[in-house]
Amino acid sequence: MKKSLLFLLPAVLVLAKPGSPNPISYQDWLDFKQKHGKIYQDEAEELSRRNVYHQNKELIQQHNLRFSKGLETFKLAVNQFTDLLTTEMNQMMSDSSFTHTQVPSGSTFISPVYFTLPESVDWRSMGAVTPVKHHGYTCGSSWAFAAAGALEGQHFRKTGKLISVSPQNLVDCSGSYGNNGCNGGWPKQSFAYIKDNGGIATEQSYPYTGVQGTCNMSDTTIGATSSGFVELPYGDEKKLAEAVAFFGPVAVSFDSTETSFYSYISGIYQNPACNKNPMNAAVVVGYGTESGTDYWLVKNSWGTKWGINGYFKIIRNANNHCGIASYPVLPLV
C-alpha cells in the first residue's frame, strides 16, 4: 500500500450552480465536502472528483431502488469514499500483499461435543469487543487490527478485563514473522510474534500512527499474551460458527474490493462478483439470521462512519461468500 496517491482523473463535469439541471446540486456537493473534510489540490481535481461523486451516487441510488423493491439484501449510502474510484479505494483500504510465509502451523481445531450450536451469537453484548477503530487511508494494516481484536476477545474471556491492544506494535515489530507493515500481513503471523515476544503492548502505551516505524516495544506495557493460535479448516463455515459460538471472536480475511462494499450501510452483504481472494482482514464477533437469511456479524477497522457503526453483516452458509471462512484464526491464551 502506498503512503501517497496521485489522482489523475478527467475533468469532464462542470460545477453546477443553483438551478442547474444536473441531478447533483451545487449545495449537495458543498455539503459532502464539508461533512467529510474534502480538500482538493486545485479546481481541475475538484471537477474530476465531483464527476466521480456523481457517478458513484447514481450507482448508490440505483442499488437502493432495487433494495426498496426487495431485489437486494443490503443498502448503500454516500460516505467518505464516494468521490473515489474503486481502484483508489482498493489501494487505500485493502492490504495489498497478503502473502503466506513459513510460520509454524497452528493447533488443530476440535469441535466441541455434546453442545448444540446456538442460533445467534453477539460477543459485543457479553463485553468482549472493544470499540471500532480506523486503520486510516495510508496504511494497509487491517491484519493487525483483526489480530488485535481477536486477542482482545480471548483476553477478556480469560481475565474478565477488556483491554485494547496495539496494532501499531504489530505493524512495527512483526516483520521477521512475515508481516509487511503497512503493505499487508496475516493475523496468524501476528499471534506467532506475540507468543515469542511475551505479549503485545496496550494501545494506550503504543498508539497507532498509520505509518510503519521503528519497533519500540521495550518501553511499553504488555496488554495481553498469547500461547499460539488455532487455524480453522479452509472454507468451513460450520467450524467457524462453532469457534465463534464456543470460544469467541475470530480473525478472518476476505475480499473487500467490490465497489458496493465501500458504500455499504446496512443489511446482509452479498455480491455475485465477490471472490475469495483475501484483501482485507476483520473480526467475526457473532452471527445470526435475519428475514430468513443467515449472516456473519463482522467488526471492520474503517471507523464508525462506515457500515453499521463500523460493523457489517455478510451472508453466511453461502459457499464461503467473499472468502469469509477461508483463513479464520483463533488466538490461544
# chains A, B, ... in the order shown; residues from 1 in each chain; ligands from 1
$ closest_atom_pairs --of "region 96-196 of chain A" --to "region 312-333 of chain A" --cutoff "8 Å" --atoms "only C-alpha atoms" --output "CSV"
residue,atom,partner,partner_atom,distance
A:Ala150,CA,A:Pro331,CA,6.8
A:Leu151,CA,A:Pro331,CA,6.0
A:Gln154,CA,A:Val333,CA,6.7
A:His155,CA,A:Val333,CA,6.8
A:Lys158,CA,A:Val333,CA,7.3
A:Pro187,CA,A:Val329,CA,7.0
A:Lys188,CA,A:Val329,CA,6.4
A:Phe191,CA,A:Pro331,CA,6.5
$ select_by_dssp --residues "region 137-320 of chain A" --states "strand (DSSP E)" --output "ChimeraX atom specification"
/A:200-201,222-224,228-231,250-254,264-269,280-290,293-299,311-315
$ residues_around --residues "Leu170 (chain A)" --least-positions-apart "4" --cutoff "7 Å" --atoms "only C-alpha atoms" --output "short mmCIF file (atom, residue, chain, number, x, y, z; two decimals) with N, CA, C and O atoms, in the first residue's frame"
data_model
loop_
_atom_site.label_atom_id
_atom_site.label_comp_id
_atom_site.auth_asym_id
_atom_site.auth_seq_id
_atom_site.Cartn_x
_atom_site.Cartn_y
_atom_site.Cartn_z
N ALA A 144 -3.44 -6.28 11.29
CA ALA A 144 -3.00 -6.02 12.66
C ALA A 144 -4.21 -5.72 13.56
O ALA A 144 -4.26 -6.15 14.72
N SER A 174 6.60 -6.98 13.80
CA SER A 174 6.42 -8.40 13.44
C SER A 174 6.90 -8.72 12.03
O SER A 174 6.53 -9.76 11.47
N SER A 190 0.94 -12.70 13.30
CA SER A 190 0.91 -11.79 14.45
C SER A 190 0.86 -12.56 15.76
O SER A 190 1.55 -12.22 16.72
#
$ residues_around --residues "region 79-96 of chain A" --least-positions-apart "5" --cutoff "6 Å" --atoms "only C-alpha atoms" --output "compact mmCIF listing (two decimals) with all heavy atoms, in the first residue's frame"
# COMPACT_ATOMS: atom_id res chain seq x y z
N MET A 1 0.83 -1.18 0.00
CA MET A 1 0.00 0.00 0.00
C MET A 1 0.87 1.24 0.00
O MET A 1 1.80 1.35 0.77
CB MET A 1 -0.89 0.01 1.24
CG MET A 1 -1.76 1.22 1.32
SD MET A 1 -3.25 0.92 2.25
CE MET A 1 -3.82 -0.60 1.58
N HIS A 36 -17.21 15.59 5.08
CA HIS A 36 -16.10 14.64 5.08
C HIS A 36 -14.73 15.33 5.00
O HIS A 36 -13.72 14.65 4.82
CB HIS A 36 -16.26 13.66 3.92
CG HIS A 36 -17.52 12.84 4.02
ND1 HIS A 36 -17.69 11.86 4.97
CD2 HIS A 36 -18.68 12.89 3.31
CE1 HIS A 36 -18.89 11.32 4.84
NE2 HIS A 36 -19.51 11.92 3.84
N ARG A 49 -13.26 15.07 -9.19
CA ARG A 49 -13.82 14.40 -8.02
C ARG A 49 -15.34 14.48 -8.02
O ARG A 49 -16.02 13.54 -7.64
CB ARG A 49 -13.25 15.02 -6.74
CG ARG A 49 -11.82 14.62 -6.48
CD ARG A 49 -11.72 13.14 -6.22
NE ARG A 49 -10.34 12.69 -6.35
CZ ARG A 49 -9.99 11.46 -6.59
NH1 ARG A 49 -10.91 10.53 -6.76
NH2 ARG A 49 -8.74 11.11 -6.70
N VAL A 52 -16.73 11.84 -10.33
CA VAL A 52 -16.72 10.51 -9.71
C VAL A 52 -17.83 10.41 -8.66
O VAL A 52 -18.55 9.40 -8.57
CB VAL A 52 -15.35 10.22 -9.07
CG1 VAL A 52 -15.38 8.89 -8.32
CG2 VAL A 52 -14.26 10.20 -10.13
N TYR A 53 -17.98 11.46 -7.87
CA TYR A 53 -19.05 11.51 -6.86
C TYR A 53 -20.42 11.32 -7.51
O TYR A 53 -21.25 10.54 -7.03
CB TYR A 53 -18.97 12.84 -6.13
CG TYR A 53 -20.09 13.11 -5.15
CD1 TYR A 53 -20.11 12.51 -3.90
CD2 TYR A 53 -21.14 13.96 -5.49
CE1 TYR A 53 -21.13 12.76 -2.99
CE2 TYR A 53 -22.17 14.21 -4.60
CZ TYR A 53 -22.15 13.61 -3.35
OH TYR A 53 -23.18 13.86 -2.46
N ASN A 56 -20.80 7.65 -8.68
CA ASN A 56 -20.99 6.73 -7.56
C ASN A 56 -22.34 6.93 -6.90
O ASN A 56 -23.00 5.96 -6.49
CB ASN A 56 -19.87 6.91 -6.54
CG ASN A 56 -18.56 6.28 -6.99
OD1 ASN A 56 -18.55 5.38 -7.83
ND2 ASN A 56 -17.45 6.75 -6.46
N TYR A 137 -6.07 5.78 5.86
CA TYR A 137 -6.07 5.70 4.40
C TYR A 137 -4.68 5.51 3.80
O TYR A 137 -4.54 5.43 2.58
CB TYR A 137 -6.71 6.96 3.82
CG TYR A 137 -8.09 7.24 4.35
CD1 TYR A 137 -8.35 8.35 5.13
CD2 TYR A 137 -9.13 6.36 4.08
CE1 TYR A 137 -9.62 8.60 5.63
CE2 TYR A 137 -10.41 6.59 4.57
CZ TYR A 137 -10.65 7.72 5.34
OH TYR A 137 -11.91 7.95 5.83
N GLY A 140 -2.02 -0.16 5.00
CA GLY A 140 -2.77 -1.39 4.86
C GLY A 140 -2.54 -2.32 6.03
O GLY A 140 -1.82 -3.31 5.93
N ASN A 183 1.96 -2.66 4.27
CA ASN A 183 1.72 -3.30 2.97
C ASN A 183 1.11 -4.69 3.10
O ASN A 183 1.17 -5.47 2.17
CB ASN A 183 3.02 -3.36 2.18
CG ASN A 183 3.50 -1.99 1.77
OD1 ASN A 183 2.75 -1.20 1.21
ND2 ASN A 183 4.75 -1.68 2.09
N GLY A 184 0.55 -5.00 4.24
CA GLY A 184 -0.16 -6.26 4.39
C GLY A 184 0.47 -7.22 5.38
O GLY A 184 1.64 -7.07 5.77
N THR A 257 -13.06 -5.81 -2.24
CA THR A 257 -12.68 -4.92 -3.33
C THR A 257 -13.82 -4.51 -4.25
O THR A 257 -13.60 -3.73 -5.18
CB THR A 257 -11.60 -5.59 -4.20
OG1 THR A 257 -12.10 -6.84 -4.72
CG2 THR A 257 -10.35 -5.85 -3.37
N THR A 259 -17.03 -2.42 -5.47
CA THR A 259 -17.46 -1.04 -5.24
C THR A 259 -18.57 -0.95 -4.20
O THR A 259 -18.56 -0.07 -3.33
CB THR A 259 -17.93 -0.40 -6.55
OG1 THR A 259 -16.87 -0.45 -7.51
CG2 THR A 259 -18.35 1.04 -6.35
N MET A 279 -8.29 -9.60 0.76
CA MET A 279 -7.75 -8.25 0.58
C MET A 279 -7.98 -7.38 1.81
O MET A 279 -7.51 -6.24 1.86
CB MET A 279 -8.39 -7.60 -0.64
CG MET A 279 -7.98 -8.23 -1.97
SD MET A 279 -6.20 -8.19 -2.28
CE MET A 279 -5.94 -6.42 -2.46
N ASN A 280 -8.70 -7.88 2.78
CA ASN A 280 -8.96 -7.12 4.00
C ASN A 280 -9.11 -8.12 5.14
O ASN A 280 -9.50 -9.27 4.91
CB ASN A 280 -10.24 -6.28 3.84
CG ASN A 280 -10.40 -5.25 4.94
OD1 ASN A 280 -9.44 -4.59 5.32
ND2 ASN A 280 -11.59 -5.11 5.47
$ residues_around --residues "Gly310 (chain A)" --least-positions-apart "2" --cutoff "9 Å" --atoms "only C-alpha atoms" --output "list of chain:residue names"
A:Val132, A:Lys133, A:His134, A:Val298, A:Lys299, A:Asn300, A:Ser301, A:Trp302, A:Gly303, A:Thr304, A:Lys305, A:Trp306, A:Gly307, A:Ile308, A:Phe312
$ write_last_selection --atoms "N, CA and C atoms" --output "PDB file, in the first residue's frame"
ATOM      1  N   VAL A 132     -14.900   0.147  17.760  1.00  0.00           N
ATOM      2  CA  VAL A 132     -14.401   0.107  16.383  1.00  0.00           C
ATOM      3  C   VAL A 132     -13.292   1.137  16.218  1.00  0.00           C
ATOM      4  N   LYS A 133     -12.239   0.736  15.506  1.00  0.00           N
ATOM      5  CA  LYS A 133     -11.095   1.614  15.258  1.00  0.00           C
ATOM      6  C   LYS A 133     -10.986   1.903  13.762  1.00  0.00           C
ATOM      7  N   HIS A 134     -10.032   2.727  13.381  1.00  0.00           N
ATOM      8  CA  HIS A 134      -9.861   3.111  11.980  1.00  0.00           C
ATOM      9  C   HIS A 134      -8.385   2.998  11.634  1.00  0.00           C
ATOM     10  N   VAL A 298     -19.565  -8.823  11.580  1.00  0.00           N
ATOM     11  CA  VAL A 298     -18.128  -8.614  11.453  1.00  0.00           C
ATOM     12  C   VAL A 298     -17.747  -7.191  11.853  1.00  0.00           C
ATOM     13  N   LYS A 299     -16.710  -7.079  12.661  1.00  0.00           N
ATOM     14  CA  LYS A 299     -16.155  -5.791  13.059  1.00  0.00           C
ATOM     15  C   LYS A 299     -15.040  -5.411  12.090  1.00  0.00           C
ATOM     16  N   ASN A 300     -15.225  -4.310  11.393  1.00  0.00           N
ATOM     17  CA  ASN A 300     -14.217  -3.817  10.455  1.00  0.00           C
ATOM     18  C   ASN A 300     -13.338  -2.781  11.148  1.00  0.00           C
ATOM     19  N   SER A 301     -12.329  -2.279  10.442  1.00  0.00           N
ATOM     20  CA  SER A 301     -11.444  -1.253  11.023  1.00  0.00           C
ATOM     21  C   SER A 301     -11.402  -0.020  10.122  1.00  0.00           C
ATOM     22  N   TRP A 302     -12.602   0.392   9.654  1.00  0.00           N
ATOM     23  CA  TRP A 302     -12.725   1.570   8.799  1.00  0.00           C
ATOM     24  C   TRP A 302     -13.432   2.714   9.514  1.00  0.00           C
ATOM     25  N   GLY A 303     -13.479   2.681  10.832  1.00  0.00           N
ATOM     26  CA  GLY A 303     -14.129   3.733  11.598  1.00  0.00           C
ATOM     27  C   GLY A 303     -15.628   3.524  11.704  1.00  0.00           C
ATOM     28  N   THR A 304     -16.262   4.318  12.558  1.00  0.00           N
ATOM     29  CA  THR A 304     -17.688   4.159  12.842  1.00  0.00           C
ATOM     30  C   THR A 304     -18.587   4.853  11.826  1.00  0.00           C
ATOM     31  N   LYS A 305     -18.026   5.672  10.939  1.00  0.00           N
ATOM     32  CA  LYS A 305     -18.854   6.345   9.932  1.00  0.00           C
ATOM     33  C   LYS A 305     -19.173   5.433   8.756  1.00  0.00           C
ATOM     34  N   TRP A 306     -18.516   4.296   8.688  1.00  0.00           N
ATOM     35  CA  TRP A 306     -18.760   3.333   7.618  1.00  0.00           C
ATOM     36  C   TRP A 306     -19.625   2.201   8.147  1.00  0.00           C
ATOM     37  N   GLY A 307     -20.489   1.652   7.277  1.00  0.00           N
ATOM     38  CA  GLY A 307     -21.256   0.469   7.632  1.00  0.00           C
ATOM     39  C   GLY A 307     -22.241   0.707   8.758  1.00  0.00           C
ATOM     40  N   ILE A 308     -22.493  -0.343   9.535  1.00  0.00           N
ATOM     41  CA  ILE A 308     -23.394  -0.258  10.685  1.00  0.00           C
ATOM     42  C   ILE A 308     -22.558   0.152  11.890  1.00  0.00           C
ATOM     43  N   PHE A 312     -20.363  -4.841   9.747  1.00  0.00           N
ATOM     44  CA  PHE A 312     -21.162  -5.242   8.613  1.00  0.00           C
ATOM     45  C   PHE A 312     -21.655  -6.665   8.805  1.00  0.00           C
TER      46      PHE A 312
END
$ closest_residue --among "A:Asn277, A:Ser107, A:Ser120, A:Ser260" --to "Asp294 (chain A)" --atoms "only C-alpha atoms"
A:Ser120
$ select_by_dssp --residues "region 206-255 of chain A" --states "alpha helix (DSSP H)" --output "number ranges by chain"
A: 237-246
$ closest_residue --among "A:Ser125, A:Gln189, A:Ser218, A:Gln168" --to "Phe145 (chain A)" --atoms "only C-alpha atoms"
A:Gln168
$ residues_around --residues "Ser176 (chain A)" --least-positions-apart "2" --cutoff "12 Å" --atoms "only C-alpha atoms" --output "list in words"
Thr101, Gln102, Val103, Leu170, Val171, Asp172, Cys173, Ser174, Gly178, Asn179, Asn180, Gly181, Gly185, Gln189, Ser190, Ala192, Tyr193, Asp196, Asn197 and Cys215 of chain A
$ write_last_selection --atoms "N, CA and C atoms" --output "PDB file, in the first residue's frame"
ATOM      1  N   THR A 101       3.779 -16.997   4.365  1.00  0.00           N
ATOM      2  CA  THR A 101       5.183 -17.283   4.602  1.00  0.00           C
ATOM      3  C   THR A 101       5.282 -18.467   5.568  1.00  0.00           C
ATOM      4  N   GLN A 102       6.499 -18.915   5.774  1.00  0.00           N
ATOM      5  CA  GLN A 102       6.703 -20.072   6.631  1.00  0.00           C
ATOM      6  C   GLN A 102       6.531 -19.686   8.100  1.00  0.00           C
ATOM      7  N   VAL A 103       5.384 -20.004   8.611  1.00  0.00           N
ATOM      8  CA  VAL A 103       5.081 -19.782  10.018  1.00  0.00           C
ATOM      9  C   VAL A 103       4.655 -21.127  10.594  1.00  0.00           C
ATOM     10  N   LEU A 170       2.288  -4.447  16.235  1.00  0.00           N
ATOM     11  CA  LEU A 170       2.415  -5.473  15.210  1.00  0.00           C
ATOM     12  C   LEU A 170       2.960  -4.898  13.908  1.00  0.00           C
ATOM     13  N   VAL A 171       2.490  -3.719  13.520  1.00  0.00           N
ATOM     14  CA  VAL A 171       2.967  -3.082  12.290  1.00  0.00           C
ATOM     15  C   VAL A 171       4.473  -2.841  12.352  1.00  0.00           C
ATOM     16  N   ASP A 172       4.955  -2.382  13.503  1.00  0.00           N
ATOM     17  CA  ASP A 172       6.358  -2.012  13.642  1.00  0.00           C
ATOM     18  C   ASP A 172       7.288  -3.203  13.902  1.00  0.00           C
ATOM     19  N   CYS A 173       6.785  -4.241  14.549  1.00  0.00           N
ATOM     20  CA  CYS A 173       7.687  -5.227  15.142  1.00  0.00           C
ATOM     21  C   CYS A 173       7.609  -6.647  14.608  1.00  0.00           C
ATOM     22  N   SER A 174       6.604  -6.984  13.804  1.00  0.00           N
ATOM     23  CA  SER A 174       6.422  -8.403  13.439  1.00  0.00           C
ATOM     24  C   SER A 174       6.903  -8.724  12.030  1.00  0.00           C
ATOM     25  N   GLY A 178       6.971 -12.449   8.812  1.00  0.00           N
ATOM     26  CA  GLY A 178       6.327 -12.489   7.511  1.00  0.00           C
ATOM     27  C   GLY A 178       5.329 -11.392   7.255  1.00  0.00           C
ATOM     28  N   ASN A 179       5.054 -10.551   8.250  1.00  0.00           N
ATOM     29  CA  ASN A 179       4.170  -9.413   8.025  1.00  0.00           C
ATOM     30  C   ASN A 179       4.943  -8.291   7.349  1.00  0.00           C
ATOM     31  N   ASN A 180       4.214  -7.423   6.676  1.00  0.00           N
ATOM     32  CA  ASN A 180       4.857  -6.411   5.843  1.00  0.00           C
ATOM     33  C   ASN A 180       4.378  -5.005   6.178  1.00  0.00           C
ATOM     34  N   GLY A 181       4.218  -4.744   7.475  1.00  0.00           N
ATOM     35  CA  GLY A 181       3.877  -3.402   7.928  1.00  0.00           C
ATOM     36  C   GLY A 181       2.610  -2.866   7.305  1.00  0.00           C
ATOM     37  N   GLY A 185      -0.294  -8.209   5.779  1.00  0.00           N
ATOM     38  CA  GLY A 185       0.185  -9.198   6.729  1.00  0.00           C
ATOM     39  C   GLY A 185      -0.928 -10.182   7.046  1.00  0.00           C
ATOM     40  N   GLN A 189       0.511 -14.826  11.656  1.00  0.00           N
ATOM     41  CA  GLN A 189       1.890 -14.393  11.874  1.00  0.00           C
ATOM     42  C   GLN A 189       1.987 -13.497  13.109  1.00  0.00           C
ATOM     43  N   SER A 190       0.938 -12.699  13.300  1.00  0.00           N
ATOM     44  CA  SER A 190       0.910 -11.792  14.448  1.00  0.00           C
ATOM     45  C   SER A 190       0.859 -12.560  15.759  1.00  0.00           C
ATOM     46  N   ALA A 192       1.945 -15.594  16.244  1.00  0.00           N
ATOM     47  CA  ALA A 192       3.246 -16.240  16.442  1.00  0.00           C
ATOM     48  C   ALA A 192       4.234 -15.250  17.050  1.00  0.00           C
ATOM     49  N   TYR A 193       4.224 -14.007  16.538  1.00  0.00           N
ATOM     50  CA  TYR A 193       5.100 -12.969  17.095  1.00  0.00           C
ATOM     51  C   TYR A 193       4.753 -12.687  18.557  1.00  0.00           C
ATOM     52  N   ASP A 196       6.070 -15.413  20.919  1.00  0.00           N
ATOM     53  CA  ASP A 196       7.525 -15.394  21.114  1.00  0.00           C
ATOM     54  C   ASP A 196       7.996 -14.120  21.808  1.00  0.00           C
ATOM     55  N   ASN A 197       7.239 -13.036  21.636  1.00  0.00           N
ATOM     56  CA  ASN A 197       7.626 -11.750  22.203  1.00  0.00           C
ATOM     57  C   ASN A 197       7.223 -11.609  23.671  1.00  0.00           C
ATOM     58  N   CYS A 215      10.518  -0.407  15.755  1.00  0.00           N
ATOM     59  CA  CYS A 215       9.911  -1.151  16.855  1.00  0.00           C
ATOM     60  C   CYS A 215      10.334  -0.535  18.187  1.00  0.00           C
TER      61      CYS A 215
END
$ atom_distance --atom1 "CA of Lys57 (chain A)" --atom2 "CA of Lys33 (chain A)"
14.0 Å
$ atom_distance --atom1 "CA of Pro118 (chain A)" --atom2 "CA of Gly267 (chain A)"
21.4 Å
$ decode --residues "region 218-231 of chain A" --atoms "N, CA and C atoms" --output "short mmCIF file (atom, residue, chain, number, x, y, z; two decimals), in the first residue's frame"
data_model
loop_
_atom_site.label_atom_id
_atom_site.label_comp_id
_atom_site.auth_asym_id
_atom_site.auth_seq_id
_atom_site.Cartn_x
_atom_site.Cartn_y
_atom_site.Cartn_z
N SER A 218 10.16 -2.17 23.82
CA SER A 218 10.84 -2.29 25.11
C SER A 218 10.32 -1.33 26.16
N ASP A 219 9.79 -0.20 25.74
CA ASP A 219 9.33 0.82 26.68
C ASP A 219 7.81 0.80 26.87
N THR A 220 7.16 -0.29 26.49
CA THR A 220 5.70 -0.33 26.55
C THR A 220 5.21 -1.32 27.58
N THR A 221 3.91 -1.30 27.77
CA THR A 221 3.28 -2.17 28.76
C THR A 221 2.54 -3.30 28.07
N ILE A 222 2.72 -4.52 28.55
CA ILE A 222 2.03 -5.67 27.98
C ILE A 222 0.54 -5.60 28.31
N GLY A 223 -0.29 -5.75 27.26
CA GLY A 223 -1.73 -5.72 27.47
C GLY A 223 -2.37 -7.09 27.44
N ALA A 224 -1.74 -8.01 26.68
CA ALA A 224 -2.27 -9.37 26.56
C ALA A 224 -1.17 -10.28 26.07
N THR A 225 -1.32 -11.55 26.32
CA THR A 225 -0.35 -12.54 25.85
C THR A 225 -1.08 -13.60 25.03
N SER A 226 -0.31 -14.40 24.31
CA SER A 226 -0.89 -15.48 23.52
C SER A 226 0.04 -16.68 23.57
N SER A 227 -0.53 -17.86 23.63
CA SER A 227 0.27 -19.08 23.64
C SER A 227 0.28 -19.78 22.28
N GLY A 228 -0.25 -19.09 21.27
CA GLY A 228 -0.27 -19.67 19.93
C GLY A 228 -1.58 -19.36 19.23
N PHE A 229 -1.95 -20.20 18.30
CA PHE A 229 -3.18 -19.95 17.55
C PHE A 229 -3.73 -21.25 16.99
N VAL A 230 -5.00 -21.20 16.65
CA VAL A 230 -5.69 -22.32 16.01
C VAL A 230 -6.11 -21.88 14.62
N GLU A 231 -5.72 -22.65 13.60
CA GLU A 231 -6.18 -22.39 12.25
C GLU A 231 -7.42 -23.24 11.98
#
